[in-house]
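Enquirer: Mind looking over this structure? Questions follow.
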Amino acid sequence: MKFSESWLRSFVDPVCSGSEFSHLLTMAGLEVEEEEAVAPAFDKVLVAQVLAVEKHPDADRLNVCRVDIGSGETLQIVCGAPNAAAGIKVPCALPGAELPGGFTIKVARVRGVASAGMLCSAKELGIAEDAAGLLLLSSDAPVGEDIRHHLDLDDRLLTLKLTPNRADCLSLEGVAREVAALTGTLARFTLVDAVEVSIATARAIVLDAPEACPRYCGRVITGVDAAAPTPTWMSRRLERSGIRPISAVVDITNYVMLELGQPLHAFDNSRLHGAIHARMALAGEKITLLNEQTLELQDDVLLIADEQRPLAMGGVMGGEESGISLATSELFLESAFFAPTAIAGRARRYSFVSDASHRFERGVDFGGTRRALERATRLVLDICGGQAGPVSEALATLPERHEVRLRPARVAKVLGVALDGEQISALFSRLALPFRRQADDFIVTPPSYRFDIEIEEDLIEELARLHGYENIPATSPTGLLAMLPQTEQARPLARVRQIVADCGYQEVVNFAFVEEAWERDFADNSKLIRLANPIASQLSVMRSTLIGGLVANVASNLKRRQARARFFETGRCFFRDAQGEPVAGFRQPWKLTALAYGSAFPEQWGCAARKVDFFDIKGDLERLLAPRIAHFEAAQHPALHPGRSARVVVDGQAIGFVGELHPQWQQKYELPLAPVVFEVDLDAIVMASLPQYTEVSRQPPVIRDMAIVVDQKLDLQPLIDGMIASRSEIVREINLFDVYVGPGVEAGKKSLAFRIMMQDTRKTLQEVEVEAAMQHLVGYLQTTFAAQLRV
């Protein structure tokens with residue numbers, strides 16, 4: 001809301017400077033978003049009267065004016081304004097005056113004629129962007145008065161950024177009421193008396209939609225001169241509030257709206273037929289508004305209509321067919337209360353807003369409806385003349401103002417400041433909130449203009465505002481600190497992240513709500529958890545896998561020409577589960593997911609370039625799990641290549657998957673190469689085996705190599721697991737170091753070469769013992785896997 005400070009100070013004038021005034025409002029919750037001067041700085045500009053005008057002897061477009069500035073002497077000033085004429089009063093800049101833009105007025109000769117000053121336009125004074133001539137002042141302007149004082153150019157314009165709940169401050173009276181409460185200054189509100197009724201003409205009012213419009217007042221005013229000029233003081237206040245003056249009647253309705261917060265509307269009474277109805281629109285009904293926009297309405301839109309046609313969109317804007325013009329002589333002046341729920345969103349649905357809808361959808365004082373009508377009527381009669389008829393009023397059930405209980409103990413708990421009963425009583429009295437005492441508690445009945453007071457916390461907020469947020473001490477929280485246990489059986493999450501980062505991955509944080517297509521593609525999830533109110537239409541479901549977010553990260557990097565990417569993320573995934581914890585019906589486990597794309601290493605001379613593959617990311621996962629041993633079993637996953645994916649098993653429990661992205665999703669998400677990814681349960685990753693003592697052998701190890709030929713379709717993991725389970729005590733390590741298929745190996749077979757390290761902690765191994773251990777392994781492989789020694 002925008003208004004001039006001088007207009008506000010006409011209601012309440014506390015002793016404080018402009019900056020203090022703005023700070024006071026802001027700290028009370030009425031944020032001053034912008035403040036600006038009405039006019040830039042200038043001096044030595046007075047009200048002057050033009051006594052005579054003569055043509056310049058050497059210039060057709062210039063005039064020589066004799067000007068009275070109230071000092072007893074007449075100045076001669078050359079002026080080129082087209083509206084210069086004898087008898088007008090205009091601003092006159094004297095020699096030495098500093099005008100906006102750094103322009104200094106001097107005594108000069110203009111085409112041979114002496115000129116001792118300058119007659120000014122509004123543009124030259126910096127109070128308008130354009131001007132067609134001199135700024136004409138009122139005929140009663142005192143000659144010689146400083147123009148800054150006469151036009152109140154030292155005024156400031158304030159723009160408040162109000163929260164939606166403070167609709168009571170969308171008026172000068174509302175803001176003045178706040179300032180009076182904050183400063184303890186007496187406010188001088190507009191005295192509104194009932195206008196004397198001089199004619200009997202009236203219109204009946206029918207409330208066909210009492211829930212949407214529970215109160216409607218109107219009156220007929222005849223003999224109105226709609227072409228009468230708007231008073232200068234009213235035009236000035238409207239302009240400084242950001243409203244362009246249009247005509248006297250329209251300006252009056254806008255002025256009362258700014259002054260009292262009650263939107264009004266004036267109809268041309270001669271264009272109305274029969275009673276006035278407040279009803280809901282018929283589906284498909286049309287109306288042309290004052291902004292020349294023709295709307296086809298839905299049946300939830302409130303209309304003001306007569307017996308024949310719609311007249312206005314209730315609480316939003318009037319209709320063009322019933323609008324007033326300069327020829328209007330009869331008015332029907334409307335003042336009504338519309339329920340906020342009946343107005344909210346209706347204007348925005350048709351892509352426009354209005355000052356009226358902005359106020360009605362937040363809540364207008366239903367107790368001031370008739371007062372605003374009387375105030376507007378008085379202004380119409382004073383400015384435009386005419387005779388007023390009786391007020392017609394239709395009344396249904398108005399909103400109830402329920403009592404709200406305030407407990408001082410609750411105030412102390414919420415604010416951290418103990419306010420006694422006397423302090424609370426004084427603050428409520430300053431706010432003009434009616435209350436009664438019930439033991440130590442306060443029972444407050446919110447007034448009709450305070451739609452924001454409904455619960456106890458609303459009253460506590462009011463006390464905090466008046467007491468002053470700056471006066472509430474900032475106390476540090478106190479509490480007992482204790483060292484939390486950190487066992488060796490669990491690694492801190494920060495350590496897990498650091499290990500993954502050390503492998504060359506960058507951590508990302510993605511939204512937990514994802515696209516529905518990601519859940520179908522990467523998780524084959526049919527039991528989606530949908531969001532009731534998503535922040536974006538595509539982010540409508542909760543994720544059950546982190547893979548989709550990482551694939552999107554890769555796609556985003558590729559668009560920015562980053563051809564190598566390695567990402568990881570830790571976060572919750574969400575599943576439907578009847579026994580879920582901590583929320584019944586849902587399970588929310590933590591997952592760790594990593595993805596590698598592009599080359600295995602950054603471009604360098606030290607190693608040949610190659611693409612990252614399954615075994616690279618498998619090695620990273622094994623490093624992350626160490627010293628625990630992971631087993632990998634061929635398995636399928638919806639997101640992964642069916643022949644290049646494996647289930648990760650640790651201590652007999654499946655903890656996740658590792659593999660290459662499915663070609664179908666690689667093509668769909670436009671990835672030139674296939675990323676490799678693993679996703680595991682974070683709980684399994686943070687688990688750590690307790691360290692166990694193992695004697696360090698002083699004896700030399702014995703290393704033997706063994707190559708066997710087995711069926712090419714045989715998986716390595718069962719073979720390794722079997723060898724480890726059946727090995728002799730002296731066998732310490734069994735490592736695969738070569739896989740060969742080709743000449744020298746039978747078709748359909750493959751050669752696997754193992755390096756076997758044997759050692760005893762007590763003695764040096766004998767050749768007989770070594771040969772026996774090797775023969776035992778060979779026998780096991782021949783018996784169990786039909787392996788043959790490769791010679």
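If you're wondering about the labels, chains in the structure tokens are A, B, ... by order shown, residues count from 1 in each chain, ligands from 1 in order shown.
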Need to verify the contact set: region 495-510 of chain A, 8 Å, only C-alpha atoms, exclusion of same-chain residues closer than 3 positions in sequence. Can you return it as a PDB file with all heavy atoms, in the first residue's frame?

Expert:
```pdb
ATOM      1  N   ARG A 491      30.766 -46.691  11.436  1.00  0.00           N
ATOM      2  CA  ARG A 491      31.571 -45.570  10.955  1.00  0.00           C
ATOM      3  C   ARG A 491      30.699 -44.331  10.857  1.00  0.00           C
ATOM      4  O   ARG A 491      29.527 -44.423  10.450  1.00  0.00           O
ATOM      5  CB  ARG A 491      32.154 -45.889   9.579  1.00  0.00           C
ATOM      6  CG  ARG A 491      33.157 -47.015   9.575  1.00  0.00           C
ATOM      7  CD  ARG A 491      33.734 -47.226   8.194  1.00  0.00           C
ATOM      8  NE  ARG A 491      32.756 -47.780   7.261  1.00  0.00           N
ATOM      9  CZ  ARG A 491      33.048 -48.136   6.012  1.00  0.00           C
ATOM     10  NH1 ARG A 491      34.279 -47.979   5.552  1.00  0.00           N
ATOM     11  NH2 ARG A 491      32.122 -48.638   5.231  1.00  0.00           N
ATOM     12  N   PRO A 492      31.216 -43.154  11.187  1.00  0.00           N
ATOM     13  CA  PRO A 492      30.425 -41.929  11.015  1.00  0.00           C
ATOM     14  C   PRO A 492      30.083 -41.726   9.551  1.00  0.00           C
ATOM     15  O   PRO A 492      30.859 -42.070   8.644  1.00  0.00           O
ATOM     16  CB  PRO A 492      31.364 -40.831  11.533  1.00  0.00           C
ATOM     17  CG  PRO A 492      32.386 -41.531  12.360  1.00  0.00           C
ATOM     18  CD  PRO A 492      32.534 -42.898  11.783  1.00  0.00           C
ATOM     19  N   GLY A 549      17.963 -39.225 -10.015  1.00  0.00           N
ATOM     20  CA  GLY A 549      18.568 -37.920  -9.791  1.00  0.00           C
ATOM     21  C   GLY A 549      19.980 -37.847 -10.331  1.00  0.00           C
ATOM     22  O   GLY A 549      20.389 -36.834 -10.925  1.00  0.00           O
ATOM     23  N   ARG A 566      31.420 -38.050 -12.162  1.00  0.00           N
ATOM     24  CA  ARG A 566      31.371 -39.066 -11.100  1.00  0.00           C
ATOM     25  C   ARG A 566      30.645 -38.426  -9.915  1.00  0.00           C
ATOM     26  O   ARG A 566      31.155 -37.491  -9.298  1.00  0.00           O
ATOM     27  CB  ARG A 566      32.777 -39.522 -10.714  1.00  0.00           C
ATOM     28  CG  ARG A 566      33.539 -40.187 -11.852  1.00  0.00           C
ATOM     29  CD  ARG A 566      35.002 -40.390 -11.513  1.00  0.00           C
ATOM     30  NE  ARG A 566      35.223 -41.513 -10.615  1.00  0.00           N
ATOM     31  CZ  ARG A 566      35.389 -42.760 -10.996  1.00  0.00           C
ATOM     32  NH1 ARG A 566      35.349 -43.069 -12.283  1.00  0.00           N
ATOM     33  NH2 ARG A 566      35.614 -43.718 -10.118  1.00  0.00           N
ATOM     34  N   PHE A 567      29.446 -38.922  -9.604  1.00  0.00           N
ATOM     35  CA  PHE A 567      28.613 -38.340  -8.568  1.00  0.00           C
ATOM     36  C   PHE A 567      28.230 -39.401  -7.542  1.00  0.00           C
ATOM     37  O   PHE A 567      28.152 -40.594  -7.860  1.00  0.00           O
ATOM     38  CB  PHE A 567      27.329 -37.744  -9.157  1.00  0.00           C
ATOM     39  CG  PHE A 567      27.551 -36.674 -10.183  1.00  0.00           C
ATOM     40  CD1 PHE A 567      27.036 -36.804 -11.466  1.00  0.00           C
ATOM     41  CD2 PHE A 567      28.280 -35.537  -9.875  1.00  0.00           C
ATOM     42  CE1 PHE A 567      27.235 -35.826 -12.408  1.00  0.00           C
ATOM     43  CE2 PHE A 567      28.487 -34.553 -10.812  1.00  0.00           C
ATOM     44  CZ  PHE A 567      27.967 -34.695 -12.090  1.00  0.00           C
ATOM     45  N   PHE A 568      27.949 -38.932  -6.328  1.00  0.00           N
ATOM     46  CA  PHE A 568      27.331 -39.820  -5.331  1.00  0.00           C
ATOM     47  C   PHE A 568      26.373 -39.001  -4.478  1.00  0.00           C
ATOM     48  O   PHE A 568      26.494 -37.788  -4.357  1.00  0.00           O
ATOM     49  CB  PHE A 568      28.390 -40.520  -4.469  1.00  0.00           C
ATOM     50  CG  PHE A 568      28.923 -39.691  -3.320  1.00  0.00           C
ATOM     51  CD1 PHE A 568      28.382 -39.790  -2.047  1.00  0.00           C
ATOM     52  CD2 PHE A 568      29.977 -38.798  -3.528  1.00  0.00           C
ATOM     53  CE1 PHE A 568      28.885 -39.036  -0.986  1.00  0.00           C
ATOM     54  CE2 PHE A 568      30.483 -38.045  -2.479  1.00  0.00           C
ATOM     55  CZ  PHE A 568      29.938 -38.160  -1.201  1.00  0.00           C
ATOM     56  N   GLU A 569      25.413 -39.699  -3.892  1.00  0.00           N
ATOM     57  CA  GLU A 569      24.408 -39.054  -3.043  1.00  0.00           C
ATOM     58  C   GLU A 569      23.997 -40.006  -1.937  1.00  0.00           C
ATOM     59  O   GLU A 569      23.883 -41.218  -2.153  1.00  0.00           O
ATOM     60  CB  GLU A 569      23.180 -38.646  -3.860  1.00  0.00           C
ATOM     61  CG  GLU A 569      22.098 -37.955  -3.032  1.00  0.00           C
ATOM     62  CD  GLU A 569      20.910 -37.499  -3.845  1.00  0.00           C
ATOM     63  OE1 GLU A 569      20.801 -37.897  -5.024  1.00  0.00           O
ATOM     64  OE2 GLU A 569      20.079 -36.749  -3.292  1.00  0.00           O
ATOM     65  N   THR A 570      23.795 -39.465  -0.749  1.00  0.00           N
ATOM     66  CA  THR A 570      23.186 -40.207   0.358  1.00  0.00           C
ATOM     67  C   THR A 570      21.860 -39.544   0.683  1.00  0.00           C
ATOM     68  O   THR A 570      21.778 -38.311   0.758  1.00  0.00           O
ATOM     69  CB  THR A 570      24.093 -40.200   1.599  1.00  0.00           C
ATOM     70  OG1 THR A 570      24.317 -38.842   2.012  1.00  0.00           O
ATOM     71  CG2 THR A 570      25.419 -40.867   1.313  1.00  0.00           C
ATOM     72  N   ALA A 594      26.153 -44.216  -6.140  1.00  0.00           N
ATOM     73  CA  ALA A 594      27.255 -43.562  -6.849  1.00  0.00           C
ATOM     74  C   ALA A 594      27.154 -43.901  -8.328  1.00  0.00           C
ATOM     75  O   ALA A 594      26.701 -44.995  -8.706  1.00  0.00           O
ATOM     76  CB  ALA A 594      28.601 -44.005  -6.289  1.00  0.00           C
ATOM     77  N   ALA A 596      29.302 -43.360 -12.206  1.00  0.00           N
ATOM     78  CA  ALA A 596      30.492 -42.925 -12.947  1.00  0.00           C
ATOM     79  C   ALA A 596      30.166 -42.939 -14.433  1.00  0.00           C
ATOM     80  O   ALA A 596      29.540 -43.883 -14.939  1.00  0.00           O
ATOM     81  CB  ALA A 596      31.673 -43.842 -12.650  1.00  0.00           C
ATOM     82  N   ASP A 620      35.543 -49.621  -6.520  1.00  0.00           N
ATOM     83  CA  ASP A 620      35.262 -48.525  -5.592  1.00  0.00           C
ATOM     84  C   ASP A 620      34.346 -48.989  -4.468  1.00  0.00           C
ATOM     85  O   ASP A 620      34.515 -48.607  -3.303  1.00  0.00           O
ATOM     86  CB  ASP A 620      34.618 -47.353  -6.338  1.00  0.00           C
ATOM     87  CG  ASP A 620      35.572 -46.687  -7.319  1.00  0.00           C
ATOM     88  OD1 ASP A 620      36.794 -46.780  -7.097  1.00  0.00           O
ATOM     89  OD2 ASP A 620      35.093 -46.084  -8.294  1.00  0.00           O
ATOM     90  N   LEU A 624      35.062 -49.209  -0.415  1.00  0.00           N
ATOM     91  CA  LEU A 624      34.172 -48.605   0.566  1.00  0.00           C
ATOM     92  C   LEU A 624      33.784 -49.602   1.657  1.00  0.00           C
ATOM     93  O   LEU A 624      33.658 -49.238   2.827  1.00  0.00           O
ATOM     94  CB  LEU A 624      32.920 -48.080  -0.144  1.00  0.00           C
ATOM     95  CG  LEU A 624      31.826 -47.429   0.710  1.00  0.00           C
ATOM     96  CD1 LEU A 624      32.360 -46.191   1.426  1.00  0.00           C
ATOM     97  CD2 LEU A 624      30.627 -47.052  -0.163  1.00  0.00           C
ATOM     98  N   ILE A 685      26.606 -50.008   4.937  1.00  0.00           N
ATOM     99  CA  ILE A 685      27.894 -49.376   4.651  1.00  0.00           C
ATOM    100  C   ILE A 685      28.546 -48.854   5.926  1.00  0.00           C
ATOM    101  O   ILE A 685      29.763 -48.948   6.109  1.00  0.00           O
ATOM    102  CB  ILE A 685      27.722 -48.250   3.627  1.00  0.00           C
ATOM    103  CG1 ILE A 685      27.236 -48.815   2.298  1.00  0.00           C
ATOM    104  CG2 ILE A 685      29.013 -47.467   3.441  1.00  0.00           C
ATOM    105  CD1 ILE A 685      28.204 -49.745   1.634  1.00  0.00           C
ATOM    106  N   VAL A 686      27.745 -48.286   6.817  1.00  0.00           N
ATOM    107  CA  VAL A 686      28.340 -47.716   8.031  1.00  0.00           C
ATOM    108  C   VAL A 686      28.745 -48.790   9.038  1.00  0.00           C
ATOM    109  O   VAL A 686      29.488 -48.508   9.969  1.00  0.00           O
ATOM    110  CB  VAL A 686      27.377 -46.705   8.700  1.00  0.00           C
ATOM    111  CG1 VAL A 686      27.077 -45.543   7.783  1.00  0.00           C
ATOM    112  CG2 VAL A 686      26.078 -47.383   9.140  1.00  0.00           C
TER     113      VAL A 686
END
```

Enquirer: Which polymer residues have any atom within 10 Å of an atom of Gly643 (chain A), counting only C-alpha atoms, with same-chain residues fewer than 6 positions away left out, as a ChimeraX atom specification?

Expert: /A:634-636,659-660,662

Enquirer: Which residues, written as a ChimeraX atom specification, have at least one atom at most 10 Å from region 413-425 of chain A, with only C-alpha atoms counted and residues fewer than 2 positions away on the same chain left out?

Expert: /A:406-411,427-431,433-437,440-442,457,460-461,463-464,467,469,471-475

Enquirer: Skipping near chain neighbours, those fewer than 2 positions away, what residues fall within 6 Å of region 777-789 of chain A using only C-alpha atoms, listed as a list in words?

Expert: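 In the requested format, the answer is Ile708, Val709, Val710, Met774 and Gln775 of chain A.
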
Enquirer: Since we have the selection now, will you write its residues out, keeping C-alpha atoms, as an mmCIF file, in the first residue's frame?

Expert:
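Here's the written file out_38.cif:
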```cif
data_model
loop_
_atom_site.group_PDB
_atom_site.id
_atom_site.type_symbol
_atom_site.label_atom_id
_atom_site.label_comp_id
_atom_site.auth_asym_id
_atom_site.auth_seq_id
_atom_site.Cartn_x
_atom_site.Cartn_y
_atom_site.Cartn_z
ATOM 1 C CA ILE A 708 42.610 -74.164 -14.634
ATOM 2 C CA VAL A 709 40.216 -74.581 -17.535
ATOM 3 C CA VAL A 710 36.501 -74.446 -16.748
ATOM 4 C CA MET A 774 47.890 -77.282 -3.892
ATOM 5 C CA GLN A 775 46.700 -80.808 -4.647
#
```

Enquirer: Can you pull out every residue within 8 Å of His277 (chain A), counting only C-alpha atoms, but drop anything in the same chain fewer than 3 positions away, and send it as number ranges by chain?

Expert: A: 205-208, 303-307

Enquirer: Give the answer as one residue: which of A:Leu30, A:Val38, A:Leu162, A:Leu395 has the shortest atom-to-atom distance to Arg362 (chain A), using only C-alpha atoms?

Expert: A:Leu162

Enquirer: Determine, counting only C-alpha atoms, which protein, DNA and RNA residues have an atom within 7 Å of an atom of region 260-269 of chain A; residues of the same chain fewer than 6 positions away are not included. Present the result as a ChimeraX atom specification.

Expert: /A:170-173,253,322-324,328,330-335,356,364,369,372

Enquirer: Can you list, as a PyMOL selection string, every residue of region 411-463 of chain A that DSSP puts in strand (DSSP E)?

Expert: chain A and resi 435-438+441-444

Enquirer: Output the selection as an mmCIF file, in the first residue's frame - N, CA, C and O atoms for each residue.

Expert:
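The result, stored in result.cif:
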```
data_model
loop_
_atom_site.group_PDB
_atom_site.id
_atom_site.type_symbol
_atom_site.label_atom_id
_atom_site.label_comp_id
_atom_site.auth_asym_id
_atom_site.auth_seq_id
_atom_site.Cartn_x
_atom_site.Cartn_y
_atom_site.Cartn_z
ATOM 1 N N PHE A 435 -11.659 -6.494 25.921
ATOM 2 C CA PHE A 435 -11.310 -7.681 26.684
ATOM 3 C C PHE A 435 -11.978 -7.629 28.050
ATOM 4 O O PHE A 435 -12.433 -6.578 28.508
ATOM 5 N N ARG A 436 -12.021 -8.786 28.694
ATOM 6 C CA ARG A 436 -12.469 -8.888 30.081
ATOM 7 C C ARG A 436 -11.547 -9.867 30.801
ATOM 8 O O ARG A 436 -10.914 -10.711 30.168
ATOM 9 N N ARG A 437 -11.462 -9.702 32.105
ATOM 10 C CA ARG A 437 -10.569 -10.561 32.888
ATOM 11 C C ARG A 437 -11.360 -11.741 33.461
ATOM 12 O O ARG A 437 -12.510 -11.598 33.874
ATOM 13 N N GLN A 438 -10.740 -12.879 33.437
ATOM 14 C CA GLN A 438 -11.313 -14.082 34.052
ATOM 15 C C GLN A 438 -10.189 -14.734 34.839
ATOM 16 O O GLN A 438 -9.370 -15.450 34.278
ATOM 17 N N ASP A 441 -6.578 -14.830 33.415
ATOM 18 C CA ASP A 441 -6.644 -14.866 31.954
ATOM 19 C C ASP A 441 -7.373 -13.645 31.396
ATOM 20 O O ASP A 441 -8.143 -12.978 32.096
ATOM 21 N N PHE A 442 -7.118 -13.413 30.100
ATOM 22 C CA PHE A 442 -7.790 -12.334 29.375
ATOM 23 C C PHE A 442 -8.670 -12.962 28.297
ATOM 24 O O PHE A 442 -8.213 -13.817 27.530
ATOM 25 N N ILE A 443 -9.929 -12.535 28.237
ATOM 26 C CA ILE A 443 -10.858 -12.991 27.210
ATOM 27 C C ILE A 443 -11.063 -11.827 26.254
ATOM 28 O O ILE A 443 -11.662 -10.810 26.602
ATOM 29 N N VAL A 444 -10.540 -11.967 25.035
ATOM 30 C CA VAL A 444 -10.529 -10.874 24.056
ATOM 31 C C VAL A 444 -11.530 -11.179 22.952
ATOM 32 O O VAL A 444 -11.571 -12.295 22.422
#
```

Enquirer: From a DSSP calculation on the backbone, collect every residue of region 281-367 of chain A in alpha helix (DSSP H) and output the set as a PyMOL selection string.

Expert: chain A and resi 340-343+346-349+355-360

Enquirer: For Leu8 (chain A), list every protein, DNA or RNA residue within 12 Å, evaluated using only C-alpha atoms, and leave out those in the same chain fewer than 5 positions away; present the list as a ChimeraX atom specification.

Expert: /A:2-3,13-14,18,21,155-158,169,171-180,187-190,237,240-241,258-259

Enquirer: Go ahead and write the selection's residues with N, CA and C atoms as a short mmCIF file (atom, residue, chain, number, x, y, z; two decimals), in the first residue's frame.

Expert:
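Output contents, as saved in result20.cif:
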```
data_model
loop_
_atom_site.label_atom_id
_atom_site.label_comp_id
_atom_site.auth_asym_id
_atom_site.auth_seq_id
_atom_site.Cartn_x
_atom_site.Cartn_y
_atom_site.Cartn_z
N LYS A 2 0.54 2.20 -0.85
CA LYS A 2 1.33 3.42 -0.99
C LYS A 2 0.50 4.62 -0.53
N PHE A 3 1.14 5.53 0.20
CA PHE A 3 0.45 6.73 0.67
C PHE A 3 1.50 7.76 1.05
N ASP A 13 0.10 12.12 14.58
CA ASP A 13 1.36 12.82 14.32
C ASP A 13 2.32 12.63 15.49
N PRO A 14 2.97 11.46 15.56
CA PRO A 14 3.91 11.24 16.66
C PRO A 14 5.16 12.11 16.49
N GLY A 18 11.32 11.20 9.95
CA GLY A 18 10.86 10.32 8.89
C GLY A 18 11.48 8.94 8.97
N PHE A 21 10.10 7.08 11.85
CA PHE A 21 8.73 6.70 11.55
C PHE A 21 8.71 5.40 10.75
N ASP A 155 6.96 16.38 1.57
CA ASP A 155 6.28 15.15 1.96
C ASP A 155 7.09 13.93 1.46
N ARG A 156 6.86 12.77 2.10
CA ARG A 156 7.48 11.52 1.66
C ARG A 156 6.39 10.51 1.30
N LEU A 157 6.73 9.65 0.33
CA LEU A 157 5.82 8.59 -0.08
C LEU A 157 6.31 7.28 0.53
N LEU A 158 5.43 6.60 1.24
CA LEU A 158 5.76 5.33 1.88
C LEU A 158 4.99 4.20 1.21
N CYS A 169 -4.81 -2.87 7.68
CA CYS A 169 -3.87 -1.78 7.43
C CYS A 169 -3.84 -1.38 5.96
N SER A 171 -5.60 0.76 4.71
CA SER A 171 -6.27 2.06 4.75
C SER A 171 -5.45 3.00 5.62
N LEU A 172 -5.65 4.29 5.41
CA LEU A 172 -4.94 5.27 6.23
C LEU A 172 -5.39 5.20 7.68
N GLU A 173 -6.67 4.98 7.90
CA GLU A 173 -7.17 4.87 9.28
C GLU A 173 -6.56 3.64 9.96
N GLY A 174 -6.43 2.53 9.22
CA GLY A 174 -5.86 1.33 9.80
C GLY A 174 -4.42 1.53 10.20
N VAL A 175 -3.62 2.16 9.32
CA VAL A 175 -2.23 2.41 9.64
C VAL A 175 -2.13 3.39 10.80
N ALA A 176 -3.00 4.43 10.79
CA ALA A 176 -2.99 5.41 11.87
C ALA A 176 -3.34 4.75 13.21
N ARG A 177 -4.24 3.80 13.18
CA ARG A 177 -4.61 3.08 14.40
C ARG A 177 -3.39 2.34 14.95
N GLU A 178 -2.59 1.75 14.05
CA GLU A 178 -1.37 1.06 14.47
C GLU A 178 -0.36 2.03 15.05
N VAL A 179 -0.15 3.16 14.36
CA VAL A 179 0.84 4.14 14.82
C VAL A 179 0.43 4.68 16.19
N ALA A 180 -0.85 4.96 16.38
CA ALA A 180 -1.33 5.46 17.67
C ALA A 180 -1.07 4.45 18.77
N ALA A 187 -5.00 9.53 18.18
CA ALA A 187 -5.34 9.57 16.77
C ALA A 187 -6.61 10.39 16.56
N ARG A 188 -6.64 11.11 15.44
CA ARG A 188 -7.81 11.92 15.08
C ARG A 188 -8.46 11.31 13.85
N PHE A 189 -9.43 10.44 14.08
CA PHE A 189 -10.09 9.78 12.96
C PHE A 189 -11.19 10.66 12.38
N THR A 190 -11.55 10.36 11.12
CA THR A 190 -12.56 11.15 10.41
C THR A 190 -13.91 11.01 11.11
N ARG A 237 -3.62 13.76 -2.94
CA ARG A 237 -3.50 12.57 -2.10
C ARG A 237 -3.67 11.29 -2.92
N ARG A 240 -0.45 10.76 -5.01
CA ARG A 240 0.66 10.30 -4.18
C ARG A 240 0.43 8.89 -3.63
N SER A 241 -0.78 8.39 -3.79
CA SER A 241 -1.07 7.00 -3.42
C SER A 241 -1.04 6.08 -4.63
N LEU A 258 -9.17 4.38 0.20
CA LEU A 258 -7.85 4.56 0.80
C LEU A 258 -7.96 5.05 2.24
N GLU A 259 -8.92 5.89 2.49
CA GLU A 259 -9.06 6.48 3.82
C GLU A 259 -9.58 5.48 4.83
#
```

Enquirer: Given the choices A:Asp651, A:Glu622, A:Asp225, A:Glu456, which gets closest to Ser329 (chain A) if the distance is worked out from only C-alpha atoms?

Expert: A:Asp225

Enquirer: Which of these residues is nearest to Phe522 (chain A), using only C-alpha atoms: A:Tyr350, A:Tyr669, A:Phe614, A:Phe451?

Expert: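 Looking only at the distances to Phe522 (chain A), the closest residue turns out to be A:Tyr669.
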
Enquirer: Which residue gives the smallest distance to Gly102 (chain A) among A:Val739, A:Leu125, A:Ala132, A:Cys79, with only C-alpha atoms counted?

Expert: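 Closest to Gly102 (chain A) of all the choices is A:Leu125.
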